[in-house]
$ cat my_file.txt   # compact mmCIF, C-alpha atoms and all ligand atoms
# COMPACT_ATOMS: atom_id res chain seq x y z
CA MET G 1 90.83 140.41 86.23
CA LYS G 2 89.92 136.91 87.31
CA GLN G 3 92.26 135.60 89.99
CA PRO G 4 93.91 132.27 89.20
CA GLN G 5 93.30 129.44 91.64
CA VAL G 6 96.52 127.58 92.32
CA SER G 7 96.45 124.61 94.69
CA ALA G 8 99.46 122.54 95.67
CA VAL G 9 98.67 119.01 96.78
CA ILE G 10 101.33 117.65 99.10
CA GLY G 11 101.79 114.40 100.97
CA GLY G 12 102.11 115.20 104.68
CA GLN G 13 103.77 111.92 105.69
CA TRP G 14 106.15 109.41 104.03
CA GLY G 15 104.25 109.20 100.74
CA ASP G 16 101.27 107.06 99.75
CA GLU G 17 98.80 109.27 101.60
CA GLY G 18 96.20 108.94 98.85
CA LYS G 19 97.16 112.05 96.87
CA GLY G 20 95.96 110.43 93.65
CA LYS G 21 92.36 110.53 94.78
CA ILE G 22 92.47 114.19 95.81
CA VAL G 23 94.36 115.26 92.68
CA ASP G 24 91.85 113.32 90.58
CA TYR G 25 89.01 115.16 92.31
CA LEU G 26 90.62 118.60 91.97
CA ALA G 27 91.76 117.89 88.39
CA ALA G 28 88.17 117.31 87.32
CA ASP G 29 87.75 121.07 87.09
CA ALA G 30 91.36 122.17 86.76
CA ASP G 31 92.63 123.84 83.61
CA VAL G 32 96.24 122.86 84.25
CA VAL G 33 97.75 120.03 86.31
CA ILE G 34 101.51 120.14 86.84
CA ARG G 35 103.70 117.37 88.13
CA SER G 36 106.82 119.11 89.41
CA GLN G 37 109.28 116.64 90.92
CA GLY G 38 110.22 113.02 91.44
CA GLY G 39 110.01 110.31 88.84
CA ASP G 40 108.54 106.87 88.40
CA ASN G 41 109.62 106.08 91.97
CA ALA G 42 106.28 107.67 92.87
CA GLY G 43 103.06 105.87 92.34
CA HIS G 44 99.48 106.59 93.06
CA THR G 45 96.25 104.89 92.43
CA VAL G 46 93.28 106.57 90.81
CA LEU G 47 89.92 104.89 90.67
CA ASN G 48 87.40 106.57 88.38
CA GLU G 49 84.57 105.65 86.04
CA ARG G 50 87.08 104.18 83.57
CA GLY G 51 88.55 101.81 86.13
CA LYS G 52 91.58 101.58 88.38
CA PHE G 53 94.85 103.14 87.28
CA GLY G 54 98.30 103.08 88.85
CA LEU G 55 100.04 106.27 87.75
CA HIS G 56 103.77 106.87 88.12
CA LEU G 57 104.76 109.71 85.82
CA VAL G 58 101.71 110.92 83.92
CA PRO G 59 99.90 113.72 85.82
CA ALA G 60 96.53 112.70 87.23
CA GLY G 61 94.67 115.34 85.20
CA ILE G 62 95.10 113.12 82.15
CA PHE G 63 91.61 111.66 82.57
CA ASN G 64 90.02 115.01 81.86
CA PRO G 65 90.43 115.73 78.12
CA ASP G 66 90.12 119.49 78.71
CA THR G 67 92.95 119.66 81.24
CA ILE G 68 96.51 120.54 80.23
CA ASN G 69 98.94 118.16 81.94
CA ILE G 70 102.50 119.35 82.38
CA MET G 71 105.51 117.36 83.46
CA GLY G 72 107.73 120.14 84.76
CA ALA G 73 111.44 120.85 84.73
CA GLY G 74 111.91 119.26 88.15
CA VAL G 75 110.74 115.82 87.07
CA ALA G 76 113.15 112.89 86.63
CA LEU G 77 111.75 111.37 83.51
CA ASN G 78 112.47 107.81 82.43
CA PRO G 79 111.36 107.77 78.77
CA LYS G 80 111.09 103.98 78.77
CA THR G 81 108.65 103.81 81.67
CA LEU G 82 106.79 106.89 80.47
CA LEU G 83 106.17 105.26 77.08
CA LYS G 84 105.06 102.04 78.78
CA GLU G 85 102.65 103.95 81.01
CA MET G 86 101.30 105.93 78.06
CA LYS G 87 100.81 102.73 76.07
CA GLU G 88 98.86 101.09 78.90
CA LEU G 89 96.73 104.18 79.44
CA GLY G 90 96.26 104.65 75.69
CA GLU G 91 94.96 101.09 75.35
CA ARG G 92 92.31 102.01 77.89
CA GLY G 93 91.16 105.02 75.93
CA VAL G 94 93.19 107.80 77.59
CA SER G 95 94.28 110.53 75.19
CA PHE G 96 97.54 112.48 75.42
CA ASP G 97 96.61 115.48 73.30
CA ASN G 98 97.06 117.74 76.29
CA LEU G 99 100.32 116.34 77.66
CA ILE G 100 103.33 118.65 77.74
CA ILE G 101 106.84 117.66 78.83
CA SER G 102 109.23 120.40 79.87
CA PRO G 103 112.37 120.35 77.70
CA LYS G 104 114.26 120.92 80.96
CA ALA G 105 113.15 117.70 82.71
CA HIS G 106 116.06 115.35 83.31
CA LEU G 107 116.10 111.95 81.65
CA ALA G 108 116.60 108.74 83.61
CA PHE G 109 118.24 105.95 81.62
CA ASP G 110 119.13 102.36 82.38
CA TYR G 111 122.59 103.37 83.62
CA HIS G 112 120.90 105.35 86.38
CA LEU G 113 119.00 102.24 87.44
CA PHE G 114 122.22 100.25 87.35
CA ILE G 115 124.00 102.82 89.54
CA ASP G 116 121.05 102.96 91.98
CA GLN G 117 121.29 99.20 92.40
CA SER G 118 125.03 99.17 92.85
CA GLN G 119 124.95 102.06 95.35
CA GLU G 120 122.33 100.27 97.42
CA HIS G 121 124.50 97.17 97.41
CA ALA G 122 127.53 99.20 98.49
CA ARG G 123 125.58 100.84 101.35
CA GLY G 124 125.12 97.42 102.98
CA LYS G 125 123.21 97.69 106.23
CA ASN G 126 122.86 101.46 105.78
CA ARG G 127 120.89 101.04 102.58
CA ILE G 128 117.96 103.37 101.96
CA GLU G 129 115.81 100.67 100.36
CA THR G 130 115.22 102.88 97.35
CA THR G 131 112.73 101.95 94.68
CA LYS G 132 115.75 101.24 92.40
CA ARG G 133 114.31 103.41 89.63
CA GLY G 134 117.54 105.35 89.24
CA ILE G 135 116.02 108.54 90.58
CA GLY G 136 118.82 109.41 93.04
CA PRO G 137 121.51 108.94 90.35
CA THR G 138 119.49 111.03 87.85
CA TYR G 139 119.37 113.96 90.27
CA MET G 140 123.06 113.41 91.12
CA ASP G 141 123.91 113.89 87.47
CA LYS G 142 121.70 116.96 87.30
CA ALA G 143 123.59 118.52 90.23
CA GLU G 144 126.91 117.42 88.72
CA ARG G 145 125.88 119.19 85.48
CA ILE G 146 126.15 116.02 83.43
CA GLY G 147 122.43 115.27 83.21
CA LEU G 148 120.59 114.82 79.91
CA GLN G 149 117.49 116.96 79.55
CA ALA G 150 114.34 115.93 77.72
CA LYS G 151 115.01 118.46 74.93
CA LEU G 152 117.86 116.21 73.74
CA LEU G 153 115.26 113.70 72.57
CA LEU G 154 114.40 116.22 69.86
CA GLU G 155 117.94 115.84 68.51
CA PRO G 156 118.81 112.13 68.71
CA ASP G 157 122.31 112.58 67.26
CA ARG G 158 123.22 115.21 69.80
CA CYS G 159 121.65 113.09 72.51
CA MET G 160 123.92 110.17 71.51
CA GLU G 161 126.99 112.43 71.60
CA GLU G 162 126.12 113.62 75.08
CA LEU G 163 125.42 110.06 76.19
CA ALA G 164 128.80 108.90 74.89
CA ARG G 165 130.54 111.68 76.83
CA VAL G 166 128.66 111.01 80.07
CA LEU G 167 129.04 107.24 79.85
CA ALA G 168 132.79 107.57 79.33
CA LEU G 169 132.86 109.53 82.61
CA LYS G 170 130.73 106.92 84.35
CA ARG G 171 132.99 104.08 83.22
CA LYS G 172 135.96 106.02 84.54
CA HIS G 173 134.37 106.69 87.93
CA LEU G 174 132.64 103.37 88.49
CA ASP G 175 134.81 100.39 89.11
CA GLN G 176 132.34 98.23 87.20
CA ASP G 177 131.49 97.19 83.70
CA ASN G 178 128.10 96.60 82.17
CA GLU G 179 126.46 96.96 78.77
CA VAL G 180 124.32 99.85 80.06
CA LEU G 181 127.51 101.90 80.42
CA TYR G 182 128.08 101.99 76.63
CA PRO G 183 126.31 104.32 74.19
CA GLU G 184 125.52 101.56 71.68
CA TYR G 185 123.04 100.16 74.19
CA TYR G 186 120.88 103.30 73.75
CA GLU G 187 121.16 103.89 70.02
CA ASP G 188 117.83 102.46 68.85
CA PHE G 189 115.98 103.53 71.95
CA VAL G 190 116.96 107.20 71.73
CA LYS G 191 115.60 107.35 68.17
CA GLU G 192 112.42 105.53 69.13
CA ALA G 193 111.81 107.63 72.25
CA GLY G 194 112.58 110.81 70.32
CA ALA G 195 110.04 109.94 67.64
CA ALA G 196 107.40 108.94 70.18
CA LEU G 197 107.81 111.91 72.54
CA LYS G 198 108.85 114.81 70.31
CA ASP G 199 105.39 116.30 70.01
CA PHE G 200 105.02 116.53 73.77
CA ILE G 201 108.32 118.27 74.51
CA ARG G 202 107.72 122.01 74.45
CA PRO G 203 108.40 125.02 76.64
CA THR G 204 105.96 125.45 79.50
CA GLU G 205 106.73 128.97 80.73
CA ARG G 206 104.42 130.88 78.40
CA ILE G 207 101.61 128.38 78.76
CA ILE G 208 101.74 128.81 82.54
CA GLU G 209 101.98 132.59 82.21
CA GLU G 210 98.97 132.75 79.88
CA HIS G 211 96.86 130.59 82.13
CA LEU G 212 97.78 132.63 85.21
CA HIS G 213 96.74 135.71 83.28
CA LYS G 214 93.43 134.15 82.26
CA GLY G 215 92.67 133.27 85.87
CA SER G 216 92.80 129.51 85.30
CA ARG G 217 92.65 126.78 87.91
CA PHE G 218 95.95 125.00 88.54
CA VAL G 219 96.79 121.92 90.54
CA LEU G 220 100.40 121.26 91.45
CA GLU G 221 100.54 117.55 91.98
CA GLY G 222 103.12 116.57 94.60
CA ALA G 223 104.86 113.22 94.57
CA HIS G 224 106.16 111.28 97.61
CA GLY G 225 105.66 113.05 100.95
CA THR G 226 107.07 115.78 103.17
CA LEU G 227 109.15 113.42 105.29
CA LEU G 228 110.88 112.09 102.15
CA ASP G 229 111.96 115.60 101.07
CA LEU G 230 115.67 115.77 100.27
CA ASP G 231 116.25 118.81 102.51
CA HIS G 232 113.49 118.65 105.07
CA GLY G 233 112.85 114.92 105.38
CA THR G 234 114.42 112.26 107.54
CA TYR G 235 117.81 112.46 105.82
CA PRO G 236 119.46 110.28 104.58
CA MET G 237 116.40 108.02 104.38
CA VAL G 238 114.72 110.31 101.85
CA THR G 239 114.15 110.63 98.15
CA ALA G 240 116.33 112.82 95.93
CA SER G 241 113.92 115.68 95.19
CA ASN G 242 112.08 118.39 97.13
CA SER G 243 108.61 117.05 97.76
CA THR G 244 107.55 120.01 99.93
CA VAL G 245 105.79 123.15 98.73
CA GLY G 246 108.91 125.00 97.55
CA GLY G 247 109.99 122.05 95.43
CA LEU G 248 106.64 122.01 93.67
CA LEU G 249 106.97 125.68 92.74
CA VAL G 250 110.58 125.36 91.56
CA GLY G 251 109.89 122.18 89.61
CA ALA G 252 106.88 123.74 87.90
CA GLY G 253 108.56 127.10 87.25
CA MET G 254 105.64 128.91 88.87
CA PRO G 255 105.78 132.33 90.59
CA PRO G 256 105.26 131.56 94.32
CA LEU G 257 102.75 134.35 94.96
CA ALA G 258 100.36 132.70 92.53
CA LEU G 259 99.76 129.95 95.08
CA ASN G 260 96.59 130.26 97.11
CA LYS G 261 95.98 126.81 98.57
CA VAL G 262 98.30 124.24 100.08
CA VAL G 263 96.43 120.99 100.58
CA GLY G 264 98.13 118.53 102.92
CA ILE G 265 97.13 114.92 102.41
CA PHE G 266 97.30 112.71 105.48
CA LYS G 267 96.41 109.09 105.74
CA SER G 268 94.44 108.51 108.95
CA TYR G 269 97.31 106.33 110.14
CA GLN G 270 101.00 106.28 109.30
CA THR G 271 102.83 104.24 106.67
CA ARG G 272 106.39 104.11 105.47
CA VAL G 273 108.00 102.02 102.78
CA GLY G 274 111.77 101.66 102.90
CA ALA G 275 114.22 102.11 105.74
CA GLY G 276 114.29 104.80 108.45
CA GLY G 277 112.82 105.77 111.81
CA MET G 278 109.09 105.51 112.41
CA PRO G 279 108.19 106.19 116.06
CA THR G 280 104.55 105.08 115.88
CA GLU G 281 105.24 101.84 113.97
CA LEU G 282 102.96 98.93 114.89
CA ASP G 283 105.11 95.88 114.49
CA ASN G 284 102.29 93.68 115.76
CA GLU G 285 98.94 92.11 114.97
CA LEU G 286 97.12 95.45 114.70
CA GLY G 287 99.74 96.69 112.23
CA GLU G 288 99.31 93.51 110.20
CA HIS G 289 95.52 93.93 110.31
CA ILE G 290 95.70 97.52 108.99
CA ARG G 291 98.23 96.53 106.30
CA THR G 292 96.01 93.72 105.03
CA ARG G 293 92.82 95.69 105.24
CA GLY G 294 94.35 98.77 103.60
CA HIS G 295 96.26 96.76 100.95
CA GLU G 296 99.34 98.58 102.13
CA PHE G 297 101.77 97.33 99.52
CA GLY G 298 103.77 99.74 97.35
CA THR G 299 102.22 100.81 94.01
CA THR G 300 105.71 100.96 92.51
CA THR G 301 107.58 98.08 94.10
CA GLY G 302 104.89 95.90 95.69
CA ARG G 303 106.82 95.99 98.99
CA PRO G 304 104.75 95.70 102.19
CA ARG G 305 104.45 99.13 103.81
CA ARG G 306 105.26 99.57 107.48
CA VAL G 307 102.14 100.67 109.38
CA GLY G 308 101.67 102.76 112.54
CA PHE G 309 99.37 105.04 114.51
CA PHE G 310 98.84 108.60 113.22
CA ASP G 311 101.82 110.74 114.16
CA GLY G 312 100.70 114.24 115.18
CA VAL G 313 104.27 115.31 116.00
CA ALA G 314 105.42 114.54 112.46
CA ALA G 315 102.25 116.19 111.07
CA LEU G 316 102.98 119.45 112.90
CA TYR G 317 106.53 119.37 111.54
CA ALA G 318 105.17 118.92 107.99
CA HIS G 319 102.78 121.83 108.58
CA ARG G 320 105.64 124.11 109.70
CA ILE G 321 107.35 123.56 106.36
CA ASN G 322 104.39 123.59 103.99
CA GLY G 323 101.93 125.93 105.71
CA PHE G 324 98.88 123.83 104.90
CA THR G 325 95.66 125.76 104.39
CA ASP G 326 93.56 122.64 103.87
CA ILE G 327 93.84 119.07 105.10
CA ALA G 328 92.56 115.86 103.58
CA VAL G 329 92.32 112.87 105.91
CA THR G 330 92.19 109.71 103.83
CA ARG G 331 91.20 106.09 104.33
CA ILE G 332 89.20 106.25 107.52
CA ASP G 333 87.39 103.15 106.19
CA THR G 334 90.62 101.17 106.62
CA LEU G 335 90.54 101.86 110.36
CA ALA G 336 86.92 100.72 110.74
CA ASP G 337 86.25 98.13 113.42
CA VAL G 338 89.47 98.89 115.33
CA LYS G 339 88.12 99.54 118.84
CA GLU G 340 90.75 101.90 120.16
CA LEU G 341 92.76 104.27 117.97
CA LYS G 342 95.72 106.36 119.03
CA ILE G 343 97.32 109.58 117.87
CA ALA G 344 100.86 110.51 118.89
CA THR G 345 100.84 113.98 120.46
CA GLY G 346 104.43 114.16 121.75
CA TYR G 347 107.78 112.36 121.76
CA LYS G 348 110.25 111.57 124.49
CA ASP G 349 113.90 110.76 123.93
CA THR G 350 115.61 107.74 125.48
CA ALA G 351 116.38 109.74 128.66
CA GLY G 352 112.68 110.53 129.06
CA TRP G 353 112.90 114.21 128.01
CA PRO G 354 110.25 115.65 125.70
CA THR G 355 111.57 116.26 122.23
CA ASP G 356 110.33 117.86 119.03
CA PHE G 357 110.38 116.03 115.69
CA PRO G 358 114.05 115.30 114.99
CA THR G 359 114.96 115.03 111.32
CA ASP G 360 118.13 113.16 112.20
CA ASN G 361 117.10 109.67 111.30
CA THR G 362 119.09 108.03 114.12
CA ARG G 363 117.43 110.23 116.76
CA LEU G 364 114.01 109.69 115.22
CA SER G 365 114.46 105.93 115.61
CA ASP G 366 114.96 106.47 119.36
CA CYS G 367 111.85 108.61 119.94
CA ILE G 368 109.12 107.17 122.12
CA PRO G 369 105.65 108.55 121.33
CA ALA G 370 103.07 109.67 123.90
CA TYR G 371 99.55 108.88 122.73
CA GLU G 372 95.99 110.04 123.13
CA SER G 373 93.30 107.41 122.63
CA TYR G 374 90.19 107.69 120.49
CA GLU G 375 87.13 105.55 120.12
CA GLY G 376 86.79 103.71 116.80
CA TRP G 377 83.85 103.30 114.39
CA THR G 378 82.33 100.52 112.35
CA GLU G 379 82.35 99.91 108.63
CA ALA G 380 78.55 100.10 108.48
CA GLU G 381 78.55 103.54 110.11
CA ILE G 382 81.08 104.86 107.57
CA ALA G 383 79.30 103.31 104.58
CA LYS G 384 76.08 105.20 105.42
CA ALA G 385 77.69 108.64 105.42
CA SER G 386 77.57 110.79 102.32
CA THR G 387 78.53 113.99 104.16
CA PHE G 388 81.00 114.71 106.93
CA ASP G 389 78.13 115.45 109.33
CA GLU G 390 76.71 112.00 108.76
CA LEU G 391 79.88 110.31 109.99
CA PRO G 392 79.74 108.79 113.47
CA LEU G 393 80.81 111.20 116.21
CA SER G 394 83.89 109.11 116.96
CA ALA G 395 85.16 109.38 113.35
CA LYS G 396 84.49 113.12 113.26
CA ALA G 397 86.34 113.61 116.56
CA TYR G 398 89.28 111.58 115.26
CA CYS G 399 89.57 113.59 112.01
CA GLU G 400 89.27 116.83 113.93
CA ALA G 401 92.02 115.73 116.32
CA ILE G 402 94.30 115.13 113.33
CA VAL G 403 93.65 118.62 112.00
CA THR G 404 93.99 120.22 115.44
CA SER G 405 97.62 119.09 115.44
CA MET G 406 98.18 121.62 112.60
CA PRO G 407 97.03 125.07 113.80
CA GLY G 408 95.51 127.31 111.16
CA ALA G 409 94.68 124.51 108.72
CA LYS G 410 91.11 123.39 108.11
CA LEU G 411 89.67 119.98 107.39
CA SER G 412 88.49 119.99 103.76
CA PHE G 413 88.28 116.36 102.66
CA VAL G 414 87.74 112.98 104.28
CA GLY G 415 88.31 109.80 102.28
CA VAL G 416 85.93 106.97 103.14
CA GLY G 417 86.73 104.49 100.36
CA GLN G 418 88.60 104.04 97.11
CA ALA G 419 85.94 105.12 94.64
CA ARG G 420 85.77 108.64 93.26
CA ASN G 421 82.51 109.39 95.08
CA GLN G 422 83.83 108.10 98.41
CA LEU G 423 85.30 111.47 99.21
CA LEU G 424 83.51 113.75 101.65
CA VAL G 425 84.08 117.36 100.70
CA ILE G 426 83.67 119.77 103.60
P1 LIG V 501 114.10 106.57 95.86
O1 LIG V 501 113.14 107.69 95.74
O2 LIG V 501 113.79 105.41 94.94
O3 LIG V 501 115.53 106.99 95.80
O4 LIG V 501 113.91 105.94 97.34
C1 LIG V 501 114.27 106.67 98.51
C2 LIG V 501 113.29 106.38 99.64
O5 LIG V 501 112.04 107.01 99.35
C3 LIG V 501 112.97 104.90 99.85
O6 LIG V 501 112.74 104.68 101.23
C4 LIG V 501 111.66 104.72 99.08
O7 LIG V 501 110.91 103.64 99.58
C5 LIG V 501 111.00 106.06 99.37
N1 LIG V 501 110.01 106.45 98.34
C6 LIG V 501 110.27 106.99 97.13
N2 LIG V 501 109.13 107.30 96.51
C7 LIG V 501 108.12 106.96 97.32
C8 LIG V 501 106.69 107.07 97.23
O8 LIG V 501 106.12 107.58 96.26
N3 LIG V 501 105.99 106.59 98.29
C9 LIG V 501 106.59 106.08 99.39
N4 LIG V 501 107.91 105.98 99.51
C10 LIG V 501 108.67 106.41 98.50
MG MG V 502 102.90 105.87 96.23

$ encode --input "my_file.txt" --output "structure tokens"
Amino acid sequence: MKQPQVSAVIGGQWGDEGKGKIVDYLAADADVVIRSQGGDNAGHTVLNERGKFGLHLVPAGIFNPDTINIMGAGVALNPKTLLKEMKELGERGVSFDNLIISPKAHLAFDYHLFIDQSQEHARGKNRIETTKRGIGPTYMDKAERIGLQAKLLLEPDRCMEELARVLALKRKHLDQDNEVLYPEYYEDFVKEAGAALKDFIRPTERIIEEHLHKGSRFVLEGAHGTLLDLDHGTYPMVTASNSTVGGLLVGAGMPPLALNKVVGIFKSYQTRVGAGGMPTELDNELGEHIRTRGHEFGTTTGRPRRVGFFDGVAALYAHRINGFTDIAVTRIDTLADVKELKIATGYKDTAGWPTDFPTDNTRLSDCIPAYESYEGWTEAEIAKASTFDELPLSAKAYCEAIVTSMPGAKLSFVGVGQARNQLLVI
């Protein structure tokens, strides 16, 4: 029997590592791509022969007409933004014949966005700086057992009944009033969304089983990054889903032993959008230079991303949780022409004692990194290389140093530019 090939693609940092590019590459010959968790708070950019696309909810395998694209049970699905994204993609010739939405995915509605906003306001200086897409409140409702699953869109009347019940609870618990807290607000939309999405909502379990049996190639497309994971990230400055390997399996409904590759995506420097500790942050001219050069502004919110040196301590922590087999180092072109680069190899606490990666956000903010320095490279040197071996020695040494911080993992991809062919496969 042919063995299935199942690869999980996971952000190793705080999101925005360039997963889109790697998923796009792997999806080109994948039979099934599954998005397992998160919602439209995620965003990644794919640049292919059809142009540049900013994806939020639709799995990146959508560009290959032969690939089945599943949005799994673990996804927080905002039907309004999904329909908008599908419309935009559809206008550019993308077909959705192979899109499947798990009936178990939880729906995000405007009241979730409203609650996200009001919670952030109430948090004051302790705010998380969420993307305000209502993702936290959607998962709160799921855990509270008052969430609305995608299957309800197949029965608009029942969906409205459930909405009325849930919104009555919300009005009771929230000391606020707003039109989005009344069922009438959703009446037309639920019918519209139901009609537009009904053909996509179908069970995924047998499809996954059959493809595992056939020995198909799967890609589990992670959203966000390891350090934003609800359990393992820098709590409370995290997102509301499990963005590490276990979360991808649960959200997809996939037997864990089917997995044979865990690809960790690491940007060649560090970025973070939103609040929370970031020991290697460069709050200076170099940081500004990298931000400008790398267009480091959020795909979802447009916010400027915080920029820093590569954090090897955080990378090792991410490796301990995910067990990466393969590493992709992305965007080494962004670092071109910086003379001296640094990688954090250890932390010290405020008393000067060495410390491991602390997930307590307050302690993380106090960590002082110890660095090793590396020689940089030029843009011209990078542009010439079409294989890893053709890269300048300094760039190779830098990528290898990143991977050395994660014992047992091997370097498999290096990103040297945005375009599809600017990916060195090793
Ligand atoms: P939420 O996911 O909107 O609740 O936001 C929680 C935190 O995660 C905030 O700091 C966001 O900026 C961050 N976040 C959520 N999704 C992403 C992502 O895809 N990339 C980077 N940061 C993200
Ligand atoms: Mg992103």

$ residues_near_point --input "my_file.txt" --point "(107.8, 94.9, 91.7)" --cutoff "12 Å" --atoms "all atoms listed in the file" --output "PyMOL selection string"
chain G and resi 41+43+131-133+297-304

$ closest_residue --input "my_file.txt" --among "G:Gly233, G:Gly376, G:Gly408, G:Pro203" --to "ligand LIG 501 (chain V)" --atoms "only C-alpha atoms and all ligand atoms"
G:Gly233

$ residues_near_ligand --input "my_file.txt" --ligand "ligand MG 502 (chain V)" --cutoff "9 Å" --atoms "only C-alpha atoms and all ligand atoms" --output "list in words"
Gly15, Asp16, Glu17, Gly18, Lys19, Gly20, Asn41, Ala42, Gly43, His44, Thr45, Leu55, His56, Ala223, His224, Gly298, Thr299 and Thr300 of chain G

$ residues_around --input "my_file.txt" --residues "G:Glu221" --least-positions-apart "2" --cutoff "9 Å" --atoms "only C-alpha atoms" --output "number ranges by chain"
G: 7-10, 19-20, 23, 33-37, 59-60, 219, 223, 248

$ write_last_selection --input "my_file.txt" --atoms "C-alpha atoms" --output "mmCIF file, keeping the file's coordinate frame"
data_model
loop_
_atom_site.group_PDB
_atom_site.id
_atom_site.type_symbol
_atom_site.label_atom_id
_atom_site.label_comp_id
_atom_site.auth_asym_id
_atom_site.auth_seq_id
_atom_site.Cartn_x
_atom_site.Cartn_y
_atom_site.Cartn_z
ATOM 1 C CA SER G 7 96.450 124.610 94.690
ATOM 2 C CA ALA G 8 99.460 122.540 95.670
ATOM 3 C CA VAL G 9 98.670 119.010 96.780
ATOM 4 C CA ILE G 10 101.330 117.650 99.100
ATOM 5 C CA LYS G 19 97.160 112.050 96.870
ATOM 6 C CA GLY G 20 95.960 110.430 93.650
ATOM 7 C CA VAL G 23 94.360 115.260 92.680
ATOM 8 C CA VAL G 33 97.750 120.030 86.310
ATOM 9 C CA ILE G 34 101.510 120.140 86.840
ATOM 10 C CA ARG G 35 103.700 117.370 88.130
ATOM 11 C CA SER G 36 106.820 119.110 89.410
ATOM 12 C CA GLN G 37 109.280 116.640 90.920
ATOM 13 C CA PRO G 59 99.900 113.720 85.820
ATOM 14 C CA ALA G 60 96.530 112.700 87.230
ATOM 15 C CA VAL G 219 96.790 121.920 90.540
ATOM 16 C CA ALA G 223 104.860 113.220 94.570
ATOM 17 C CA LEU G 248 106.640 122.010 93.670
#

$ closest_residue --input "my_file.txt" --among "G:Asp231, G:Glu120, G:Glu400, G:Asp356" --to "ligand LIG 501 (chain V)" --atoms "all atoms listed in the file"
G:Glu120

$ decode --input "my_file.txt" --residues "stretch 158-184 of chain G" --atoms "C-alpha atoms" --output "short mmCIF file (atom, residue, chain, number, x, y, z; two decimals), in the first residue's frame"
data_model
loop_
_atom_site.label_atom_id
_atom_site.label_comp_id
_atom_site.auth_asym_id
_atom_site.auth_seq_id
_atom_site.Cartn_x
_atom_site.Cartn_y
_atom_site.Cartn_z
CA ARG G 158 -32.75 26.72 12.97
CA CYS G 159 -29.72 28.98 12.73
CA MET G 160 -31.93 32.00 13.49
CA GLU G 161 -33.46 30.21 16.50
CA GLU G 162 -30.03 29.43 17.88
CA LEU G 163 -28.88 32.99 17.22
CA ALA G 164 -31.88 34.39 19.07
CA ARG G 165 -31.11 32.17 22.08
CA VAL G 166 -27.41 33.05 22.14
CA LEU G 167 -27.96 36.76 21.61
CA ALA G 168 -30.46 36.87 24.48
CA LEU G 169 -27.69 35.44 26.68
CA LYS G 170 -25.18 37.95 25.36
CA ARG G 171 -27.50 40.87 26.06
CA LYS G 172 -27.96 39.57 29.58
CA HIS G 173 -24.23 39.18 30.22
CA LEU G 174 -22.96 42.29 28.46
CA ASP G 175 -23.78 45.58 30.00
CA GLN G 176 -24.10 47.10 26.54
CA ASP G 177 -26.58 47.50 23.77
CA ASN G 178 -26.01 47.40 20.04
CA GLU G 179 -27.91 46.34 16.94
CA VAL G 180 -25.53 43.39 16.43
CA LEU G 181 -26.89 41.87 19.64
CA TYR G 182 -30.36 41.32 18.09
CA PRO G 183 -31.30 38.44 15.78
CA GLU G 184 -33.08 40.69 13.25
#
